[in-house]
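Visitor: Sharing final.txt here; it has compact mmCIF, N, CA, C and O atoms.
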# COMPACT_ATOMS: atom_id res chain seq x y z
N MET A 1 2.44 53.64 -32.63
CA MET A 1 2.98 52.37 -32.22
C MET A 1 3.18 51.50 -33.47
O MET A 1 2.27 51.33 -34.26
N ILE A 2 4.36 50.93 -33.58
CA ILE A 2 4.67 50.08 -34.72
C ILE A 2 4.95 48.67 -34.22
O ILE A 2 5.82 48.47 -33.38
N ASN A 3 4.21 47.71 -34.72
CA ASN A 3 4.40 46.29 -34.38
C ASN A 3 4.44 46.04 -32.88
O ASN A 3 5.29 45.31 -32.37
N GLY A 4 3.55 46.68 -32.13
CA GLY A 4 3.45 46.42 -30.70
C GLY A 4 4.52 47.09 -29.85
O GLY A 4 4.61 46.84 -28.66
N GLN A 5 5.34 47.96 -30.43
CA GLN A 5 6.35 48.66 -29.65
C GLN A 5 5.72 49.82 -28.91
O GLN A 5 4.84 50.50 -29.43
N LYS A 6 6.18 50.05 -27.69
CA LYS A 6 5.68 51.16 -26.90
C LYS A 6 6.51 52.41 -27.18
O LYS A 6 7.70 52.31 -27.43
N SER A 7 5.87 53.57 -27.14
CA SER A 7 6.61 54.81 -27.33
C SER A 7 7.40 55.12 -26.07
O SER A 7 6.99 54.81 -24.96
N THR A 8 8.56 55.76 -26.24
CA THR A 8 9.42 56.06 -25.10
C THR A 8 9.20 57.47 -24.58
O THR A 8 9.85 57.87 -23.64
N ALA A 9 8.30 58.22 -25.20
CA ALA A 9 8.03 59.58 -24.74
C ALA A 9 7.32 59.54 -23.39
O ALA A 9 6.45 58.70 -23.15
N ALA A 10 7.70 60.46 -22.52
CA ALA A 10 7.09 60.54 -21.20
C ALA A 10 5.72 61.20 -21.31
O ALA A 10 5.45 61.96 -22.24
N LYS A 11 4.86 60.88 -20.36
CA LYS A 11 3.53 61.48 -20.31
C LYS A 11 3.42 62.35 -19.08
O LYS A 11 4.02 62.07 -18.03
N CYS A 12 2.62 63.40 -19.18
CA CYS A 12 2.37 64.30 -18.07
C CYS A 12 1.65 63.54 -16.96
O CYS A 12 0.72 62.78 -17.22
N ALA A 13 2.08 63.74 -15.72
CA ALA A 13 1.48 63.04 -14.58
C ALA A 13 0.05 63.52 -14.31
O ALA A 13 -0.71 62.82 -13.65
N TYR A 14 -0.34 64.68 -14.82
CA TYR A 14 -1.67 65.21 -14.56
C TYR A 14 -2.62 65.00 -15.74
O TYR A 14 -3.65 64.37 -15.59
N CYS A 15 -2.25 65.48 -16.92
CA CYS A 15 -3.18 65.43 -18.06
C CYS A 15 -2.89 64.29 -19.03
O CYS A 15 -3.64 64.08 -19.97
N LYS A 16 -1.80 63.58 -18.81
CA LYS A 16 -1.40 62.41 -19.62
C LYS A 16 -1.04 62.74 -21.06
O LYS A 16 -0.97 61.85 -21.90
N SER A 17 -0.78 64.01 -21.40
CA SER A 17 -0.35 64.34 -22.75
C SER A 17 1.14 64.04 -22.88
O SER A 17 1.88 64.00 -21.89
N LEU A 18 1.59 63.79 -24.10
CA LEU A 18 2.99 63.48 -24.33
C LEU A 18 3.86 64.71 -24.07
O LEU A 18 3.49 65.82 -24.44
N ILE A 19 5.02 64.48 -23.46
CA ILE A 19 5.95 65.56 -23.16
C ILE A 19 7.12 65.44 -24.12
O ILE A 19 7.75 64.39 -24.23
N GLN A 20 7.41 66.53 -24.82
CA GLN A 20 8.55 66.55 -25.72
C GLN A 20 9.84 66.61 -24.90
O GLN A 20 9.88 67.29 -23.88
N PRO A 21 10.90 65.92 -25.33
CA PRO A 21 12.16 65.97 -24.60
C PRO A 21 12.67 67.41 -24.48
O PRO A 21 12.68 68.16 -25.45
N GLY A 22 13.02 67.81 -23.27
CA GLY A 22 13.50 69.16 -23.02
C GLY A 22 12.42 70.13 -22.57
O GLY A 22 12.72 71.20 -22.09
N ASP A 23 11.14 69.75 -22.74
CA ASP A 23 10.03 70.64 -22.37
C ASP A 23 9.39 70.26 -21.04
O ASP A 23 8.43 70.89 -20.62
N GLU A 24 9.89 69.21 -20.38
CA GLU A 24 9.25 68.75 -19.15
C GLU A 24 9.49 69.71 -18.00
O GLU A 24 10.48 70.43 -17.95
N VAL A 25 8.53 69.72 -17.08
CA VAL A 25 8.62 70.49 -15.84
C VAL A 25 8.60 69.47 -14.71
O VAL A 25 7.64 68.72 -14.57
N LYS A 26 9.68 69.42 -13.93
CA LYS A 26 9.74 68.49 -12.80
C LYS A 26 9.33 69.23 -11.54
O LYS A 26 9.77 70.35 -11.31
N SER A 27 8.48 68.60 -10.77
CA SER A 27 7.98 69.23 -9.55
C SER A 27 7.84 68.16 -8.47
O SER A 27 7.53 67.00 -8.76
N THR A 28 8.09 68.56 -7.23
CA THR A 28 7.94 67.65 -6.10
C THR A 28 6.54 67.80 -5.55
O THR A 28 6.13 68.89 -5.15
N LEU A 29 5.79 66.71 -5.54
CA LEU A 29 4.41 66.69 -5.09
C LEU A 29 4.37 66.24 -3.63
O LEU A 29 5.02 65.26 -3.27
N LEU A 30 3.66 66.96 -2.80
CA LEU A 30 3.49 66.57 -1.40
C LEU A 30 2.20 65.77 -1.28
O LEU A 30 1.12 66.25 -1.64
N LEU A 31 2.32 64.53 -0.80
CA LEU A 31 1.18 63.63 -0.71
C LEU A 31 0.93 63.23 0.73
O LEU A 31 1.88 63.09 1.51
N LEU A 32 -0.32 63.03 1.09
CA LEU A 32 -0.65 62.45 2.39
C LEU A 32 -0.94 60.98 2.18
O LEU A 32 -1.83 60.61 1.42
N ARG A 33 -0.17 60.14 2.84
CA ARG A 33 -0.39 58.70 2.78
C ARG A 33 -0.70 58.26 4.20
O ARG A 33 0.20 58.09 5.02
N GLY A 34 -1.99 58.13 4.48
CA GLY A 34 -2.43 57.86 5.85
C GLY A 34 -2.20 59.11 6.66
O GLY A 34 -2.72 60.17 6.34
N ASN A 35 -1.39 59.03 7.70
CA ASN A 35 -1.06 60.21 8.48
C ASN A 35 0.38 60.65 8.24
O ASN A 35 0.91 61.47 8.97
N MET A 36 1.01 60.10 7.20
CA MET A 36 2.40 60.43 6.86
C MET A 36 2.44 61.36 5.65
O MET A 36 1.64 61.23 4.73
N LEU A 37 3.38 62.28 5.65
CA LEU A 37 3.60 63.18 4.53
C LEU A 37 4.69 62.58 3.66
O LEU A 37 5.77 62.24 4.14
N ALA A 38 4.41 62.43 2.37
CA ALA A 38 5.37 61.84 1.43
C ALA A 38 5.65 62.84 0.32
O ALA A 38 4.79 63.63 -0.05
N ARG A 39 6.87 62.80 -0.20
CA ARG A 39 7.26 63.66 -1.33
C ARG A 39 7.58 62.77 -2.51
O ARG A 39 8.23 61.75 -2.37
N GLU A 40 7.09 63.18 -3.67
CA GLU A 40 7.29 62.39 -4.88
C GLU A 40 7.57 63.34 -6.03
O GLU A 40 6.81 64.30 -6.24
N GLU A 41 8.63 63.10 -6.77
CA GLU A 41 8.95 63.95 -7.92
C GLU A 41 8.25 63.40 -9.15
O GLU A 41 8.34 62.20 -9.44
N ARG A 42 7.55 64.27 -9.86
CA ARG A 42 6.81 63.88 -11.06
C ARG A 42 7.13 64.83 -12.19
O ARG A 42 7.55 65.95 -11.98
N GLN A 43 6.87 64.38 -13.42
CA GLN A 43 7.09 65.20 -14.61
C GLN A 43 5.75 65.67 -15.16
O GLN A 43 4.79 64.89 -15.24
N TYR A 44 5.72 66.93 -15.56
CA TYR A 44 4.51 67.55 -16.10
C TYR A 44 4.83 68.24 -17.42
O TYR A 44 5.98 68.57 -17.69
N CYS A 45 3.79 68.51 -18.20
CA CYS A 45 3.98 69.21 -19.48
C CYS A 45 4.04 70.72 -19.28
O CYS A 45 4.56 71.43 -20.13
N SER A 46 3.50 71.22 -18.16
CA SER A 46 3.52 72.66 -17.90
C SER A 46 3.47 72.92 -16.39
O SER A 46 3.14 72.03 -15.61
N ARG A 47 3.79 74.14 -16.02
CA ARG A 47 3.74 74.53 -14.61
C ARG A 47 2.29 74.48 -14.10
O ARG A 47 2.04 74.15 -12.95
N GLN A 48 1.35 74.80 -14.99
CA GLN A 48 -0.06 74.80 -14.61
C GLN A 48 -0.52 73.38 -14.23
O GLN A 48 -1.23 73.21 -13.24
N CYS A 49 -0.09 72.37 -14.97
CA CYS A 49 -0.45 70.99 -14.63
C CYS A 49 0.15 70.60 -13.29
O CYS A 49 -0.50 69.91 -12.50
N ALA A 50 1.36 71.03 -12.99
CA ALA A 50 2.00 70.73 -11.71
C ALA A 50 1.20 71.35 -10.56
O ALA A 50 0.96 70.70 -9.54
N GLU A 51 0.75 72.59 -10.74
CA GLU A 51 -0.03 73.27 -9.70
C GLU A 51 -1.39 72.61 -9.50
O GLU A 51 -1.86 72.43 -8.38
N HIS A 52 -2.04 72.23 -10.59
CA HIS A 52 -3.35 71.59 -10.51
C HIS A 52 -3.25 70.23 -9.83
O HIS A 52 -4.13 69.85 -9.05
N ASP A 53 -2.18 69.47 -10.11
CA ASP A 53 -2.01 68.16 -9.50
C ASP A 53 -1.77 68.30 -8.01
O ASP A 53 -2.32 67.53 -7.22
N GLN A 54 -0.99 69.32 -7.59
CA GLN A 54 -0.77 69.54 -6.18
C GLN A 54 -2.10 69.90 -5.47
O GLN A 54 -2.40 69.38 -4.41
N MET A 55 -2.90 70.76 -6.09
CA MET A 55 -4.18 71.13 -5.49
C MET A 55 -5.12 69.93 -5.40
O MET A 55 -5.89 69.82 -4.45
N ALA A 56 -5.05 69.03 -6.37
CA ALA A 56 -5.92 67.85 -6.37
C ALA A 56 -5.57 66.90 -5.23
O ALA A 56 -6.43 66.16 -4.76
N HIS A 57 -4.34 66.94 -4.73
CA HIS A 57 -3.91 66.05 -3.66
C HIS A 57 -3.97 66.69 -2.29
O HIS A 57 -3.66 66.05 -1.29
N GLU A 58 -4.39 67.95 -2.20
CA GLU A 58 -4.50 68.59 -0.90
C GLU A 58 -5.84 68.23 -0.25
O GLU A 58 -6.85 68.12 -0.92
N PRO A 59 -5.82 68.03 1.07
CA PRO A 59 -7.07 67.65 1.76
C PRO A 59 -8.03 68.82 1.90
O PRO A 59 -7.73 69.93 1.82
Could you spell out this file's structure in structure tokens?

Guide:
Amino acid sequence: MINGQKSTAAKCAYCKSLIQPGDEVKSTLLLLRGNMLAREERQYCSRQCAEHDQMAHEP
């Protein structure tokens, strides 16, 4: 960070590591919000992080 500027690089939705442009994995996460099923697209650094995040949100 230079002079209070924020970096524009995306972070992994699961492990919060920086994602290099072109290396992101986009995955649709199925979430339970109350008794409703919601879908949300998120960016991850790897397929493994996408799978782990989905398992973390399963009841």

Visitor: Smallest atom-to-atom distance to A:Asp23: which of A:His52, A:Glu58, A:Ala10, A:Arg39, using only C-alpha atoms?

Guide: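 Ranking A:His52, A:Glu58, A:Ala10, A:Arg39 by distance to A:Asp23, first place goes to A:Ala10.
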
Visitor: Hey, what's within 9 Å of A:Ser27 if we count only C-alpha atoms and toss same-chain stuff fewer than 2 positions away? As a ChimeraX atom specification, please?

Guide: /A:25,29,40-44,47,50-51

Visitor: Quick one: distance from atom O of A:His57 to atom N of A:Cys15 in Å, one decimal?

Guide: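 Computed distance, atom O of A:His57 to atom N of A:Cys15, equals 15.7 Å.
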
Visitor: What separation in Å, quoted to one decimal, exists between atom CA of A:Ala56 and atom CA of A:Ser17?

Guide: 17.7 Å

Visitor: Separation of atom C of A:Met55 and atom C of A:Arg33, in Å?

Guide: 15.7 Å

Visitor: Please return the centre and edge lengths, in Å to one decimal, of a box with edges along x, y and z that contains all listed atoms of stretch 23-28 of chain A, widened by 6 Å on every side, as lines of an AutoDock Vina configuration file.

Guide:
center_x = 8.6
center_y = 68.9
center_z = -13.9
size_x = 17.0
size_y = 15.9
size_z = 29.6

Visitor: Would you give me, as a list in words, the residues in chain A that DSSP reads as alpha helix (DSSP H)?

Guide: Arg47, Gln48, Cys49, Ala50, Glu51, His52, Asp53, Gln54, Met55 and Ala56 of chain A

Visitor: Restricting the calculation to all atoms listed in the file: of A:Asp53, A:Ala38, A:Cys45, A:Thr28, which residue gets closest to A:Cys12?

Guide: A:Cys45

Visitor: Which of chain A counts as strand (DSSP E or B) under DSSP, as a list in words please?

Guide: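 Those in chain A that DSSP calls strand (DSSP E or B) are Ala10, Lys11, Leu18, Ile19, Val25, Lys26, Ser27, Thr28, Leu29, Leu30, Leu31, Leu32, Arg33, Met36, Leu37, Ala38, Arg39, Glu40, Glu41, Arg42, Gln43 and Tyr44 of chain A.
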
Visitor: Of the candidates A:Gly22, A:Lys11, A:Leu37, A:Leu32, which shows the shortest atom-to-atom distance to A:Cys49, using only C-alpha atoms?

Guide: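 Smallest separation from A:Cys49 among the options: A:Lys11.
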
Visitor: Could you add whatever atoms are missing so that stretch 18-29 of chain A carries all heavy atoms, then write the result as a PDB file, in the coordinates of the input?

Guide:
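Saved to result00.pdb:
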ATOM      1  N   LEU A  18       1.590  63.790 -24.100  1.00  0.00           N
ATOM      2  CA  LEU A  18       2.990  63.480 -24.330  1.00  0.00           C
ATOM      3  C   LEU A  18       3.860  64.710 -24.070  1.00  0.00           C
ATOM      4  O   LEU A  18       3.490  65.820 -24.440  1.00  0.00           O
ATOM      5  CB  LEU A  18       3.201  62.984 -25.752  1.00  0.00           C
ATOM      6  CG  LEU A  18       2.579  61.637 -26.086  1.00  0.00           C
ATOM      7  CD1 LEU A  18       2.790  61.316 -27.558  1.00  0.00           C
ATOM      8  CD2 LEU A  18       3.154  60.544 -25.226  1.00  0.00           C
ATOM      9  N   ILE A  19       5.020  64.480 -23.460  1.00  0.00           N
ATOM     10  CA  ILE A  19       5.950  65.560 -23.160  1.00  0.00           C
ATOM     11  C   ILE A  19       7.120  65.440 -24.120  1.00  0.00           C
ATOM     12  O   ILE A  19       7.750  64.390 -24.230  1.00  0.00           O
ATOM     13  CB  ILE A  19       6.474  65.456 -21.712  1.00  0.00           C
ATOM     14  CG1 ILE A  19       5.322  65.491 -20.723  1.00  0.00           C
ATOM     15  CG2 ILE A  19       7.471  66.559 -21.429  1.00  0.00           C
ATOM     16  CD1 ILE A  19       5.742  65.209 -19.293  1.00  0.00           C
ATOM     17  N   GLN A  20       7.410  66.530 -24.820  1.00  0.00           N
ATOM     18  CA  GLN A  20       8.550  66.550 -25.720  1.00  0.00           C
ATOM     19  C   GLN A  20       9.840  66.610 -24.900  1.00  0.00           C
ATOM     20  O   GLN A  20       9.880  67.290 -23.880  1.00  0.00           O
ATOM     21  CB  GLN A  20       8.468  67.775 -26.648  1.00  0.00           C
ATOM     22  CG  GLN A  20       7.258  67.782 -27.550  1.00  0.00           C
ATOM     23  CD  GLN A  20       7.228  66.581 -28.475  1.00  0.00           C
ATOM     24  OE1 GLN A  20       8.260  66.145 -28.964  1.00  0.00           O
ATOM     25  NE2 GLN A  20       6.035  66.036 -28.701  1.00  0.00           N
ATOM     26  N   PRO A  21      10.900  65.920 -25.330  1.00  0.00           N
ATOM     27  CA  PRO A  21      12.160  65.970 -24.600  1.00  0.00           C
ATOM     28  C   PRO A  21      12.670  67.410 -24.480  1.00  0.00           C
ATOM     29  O   PRO A  21      12.680  68.160 -25.450  1.00  0.00           O
ATOM     30  CB  PRO A  21      13.113  65.143 -25.463  1.00  0.00           C
ATOM     31  CG  PRO A  21      12.213  64.259 -26.255  1.00  0.00           C
ATOM     32  CD  PRO A  21      10.949  65.026 -26.468  1.00  0.00           C
ATOM     33  N   GLY A  22      13.020  67.810 -23.270  1.00  0.00           N
ATOM     34  CA  GLY A  22      13.500  69.160 -23.020  1.00  0.00           C
ATOM     35  C   GLY A  22      12.420  70.130 -22.570  1.00  0.00           C
ATOM     36  O   GLY A  22      12.720  71.200 -22.090  1.00  0.00           O
ATOM     37  N   ASP A  23      11.140  69.750 -22.740  1.00  0.00           N
ATOM     38  CA  ASP A  23      10.030  70.640 -22.370  1.00  0.00           C
ATOM     39  C   ASP A  23       9.390  70.260 -21.040  1.00  0.00           C
ATOM     40  O   ASP A  23       8.430  70.890 -20.620  1.00  0.00           O
ATOM     41  CB  ASP A  23       8.941  70.631 -23.448  1.00  0.00           C
ATOM     42  CG  ASP A  23       9.392  71.323 -24.717  1.00  0.00           C
ATOM     43  OD1 ASP A  23      10.366  72.098 -24.659  1.00  0.00           O
ATOM     44  OD2 ASP A  23       8.771  71.074 -25.766  1.00  0.00           O
ATOM     45  N   GLU A  24       9.890  69.210 -20.380  1.00  0.00           N
ATOM     46  CA  GLU A  24       9.250  68.750 -19.150  1.00  0.00           C
ATOM     47  C   GLU A  24       9.490  69.710 -18.000  1.00  0.00           C
ATOM     48  O   GLU A  24      10.480  70.430 -17.950  1.00  0.00           O
ATOM     49  CB  GLU A  24       9.719  67.345 -18.774  1.00  0.00           C
ATOM     50  CG  GLU A  24      11.143  67.260 -18.311  1.00  0.00           C
ATOM     51  CD  GLU A  24      12.135  67.005 -19.424  1.00  0.00           C
ATOM     52  OE1 GLU A  24      11.735  66.825 -20.583  1.00  0.00           O
ATOM     53  OE2 GLU A  24      13.338  67.015 -19.124  1.00  0.00           O
ATOM     54  N   VAL A  25       8.530  69.720 -17.080  1.00  0.00           N
ATOM     55  CA  VAL A  25       8.620  70.490 -15.840  1.00  0.00           C
ATOM     56  C   VAL A  25       8.600  69.470 -14.710  1.00  0.00           C
ATOM     57  O   VAL A  25       7.640  68.720 -14.570  1.00  0.00           O
ATOM     58  CB  VAL A  25       7.421  71.465 -15.702  1.00  0.00           C
ATOM     59  CG1 VAL A  25       7.447  72.159 -14.358  1.00  0.00           C
ATOM     60  CG2 VAL A  25       7.401  72.452 -16.840  1.00  0.00           C
ATOM     61  N   LYS A  26       9.680  69.420 -13.930  1.00  0.00           N
ATOM     62  CA  LYS A  26       9.740  68.490 -12.800  1.00  0.00           C
ATOM     63  C   LYS A  26       9.330  69.230 -11.540  1.00  0.00           C
ATOM     64  O   LYS A  26       9.770  70.350 -11.310  1.00  0.00           O
ATOM     65  CB  LYS A  26      11.137  67.920 -12.646  1.00  0.00           C
ATOM     66  CG  LYS A  26      11.525  66.995 -13.772  1.00  0.00           C
ATOM     67  CD  LYS A  26      12.866  66.370 -13.546  1.00  0.00           C
ATOM     68  CE  LYS A  26      13.202  65.464 -14.712  1.00  0.00           C
ATOM     69  NZ  LYS A  26      14.518  64.844 -14.541  1.00  0.00           N
ATOM     70  N   SER A  27       8.480  68.600 -10.770  1.00  0.00           N
ATOM     71  CA  SER A  27       7.980  69.230  -9.550  1.00  0.00           C
ATOM     72  C   SER A  27       7.840  68.160  -8.470  1.00  0.00           C
ATOM     73  O   SER A  27       7.530  67.000  -8.760  1.00  0.00           O
ATOM     74  CB  SER A  27       6.622  69.883  -9.807  1.00  0.00           C
ATOM     75  OG  SER A  27       6.139  70.491  -8.643  1.00  0.00           O
ATOM     76  N   THR A  28       8.090  68.560  -7.230  1.00  0.00           N
ATOM     77  CA  THR A  28       7.940  67.650  -6.100  1.00  0.00           C
ATOM     78  C   THR A  28       6.540  67.800  -5.550  1.00  0.00           C
ATOM     79  O   THR A  28       6.130  68.890  -5.150  1.00  0.00           O
ATOM     80  CB  THR A  28       8.978  67.933  -5.012  1.00  0.00           C
ATOM     81  OG1 THR A  28      10.270  67.815  -5.591  1.00  0.00           O
ATOM     82  CG2 THR A  28       8.850  66.958  -3.869  1.00  0.00           C
ATOM     83  N   LEU A  29       5.790  66.710  -5.540  1.00  0.00           N
ATOM     84  CA  LEU A  29       4.410  66.690  -5.090  1.00  0.00           C
ATOM     85  C   LEU A  29       4.370  66.240  -3.630  1.00  0.00           C
ATOM     86  O   LEU A  29       5.020  65.260  -3.270  1.00  0.00           O
ATOM     87  CB  LEU A  29       3.611  65.726  -5.961  1.00  0.00           C
ATOM     88  CG  LEU A  29       2.123  65.628  -5.740  1.00  0.00           C
ATOM     89  CD1 LEU A  29       1.443  66.933  -6.132  1.00  0.00           C
ATOM     90  CD2 LEU A  29       1.562  64.499  -6.562  1.00  0.00           C
TER      91      LEU A  29
END
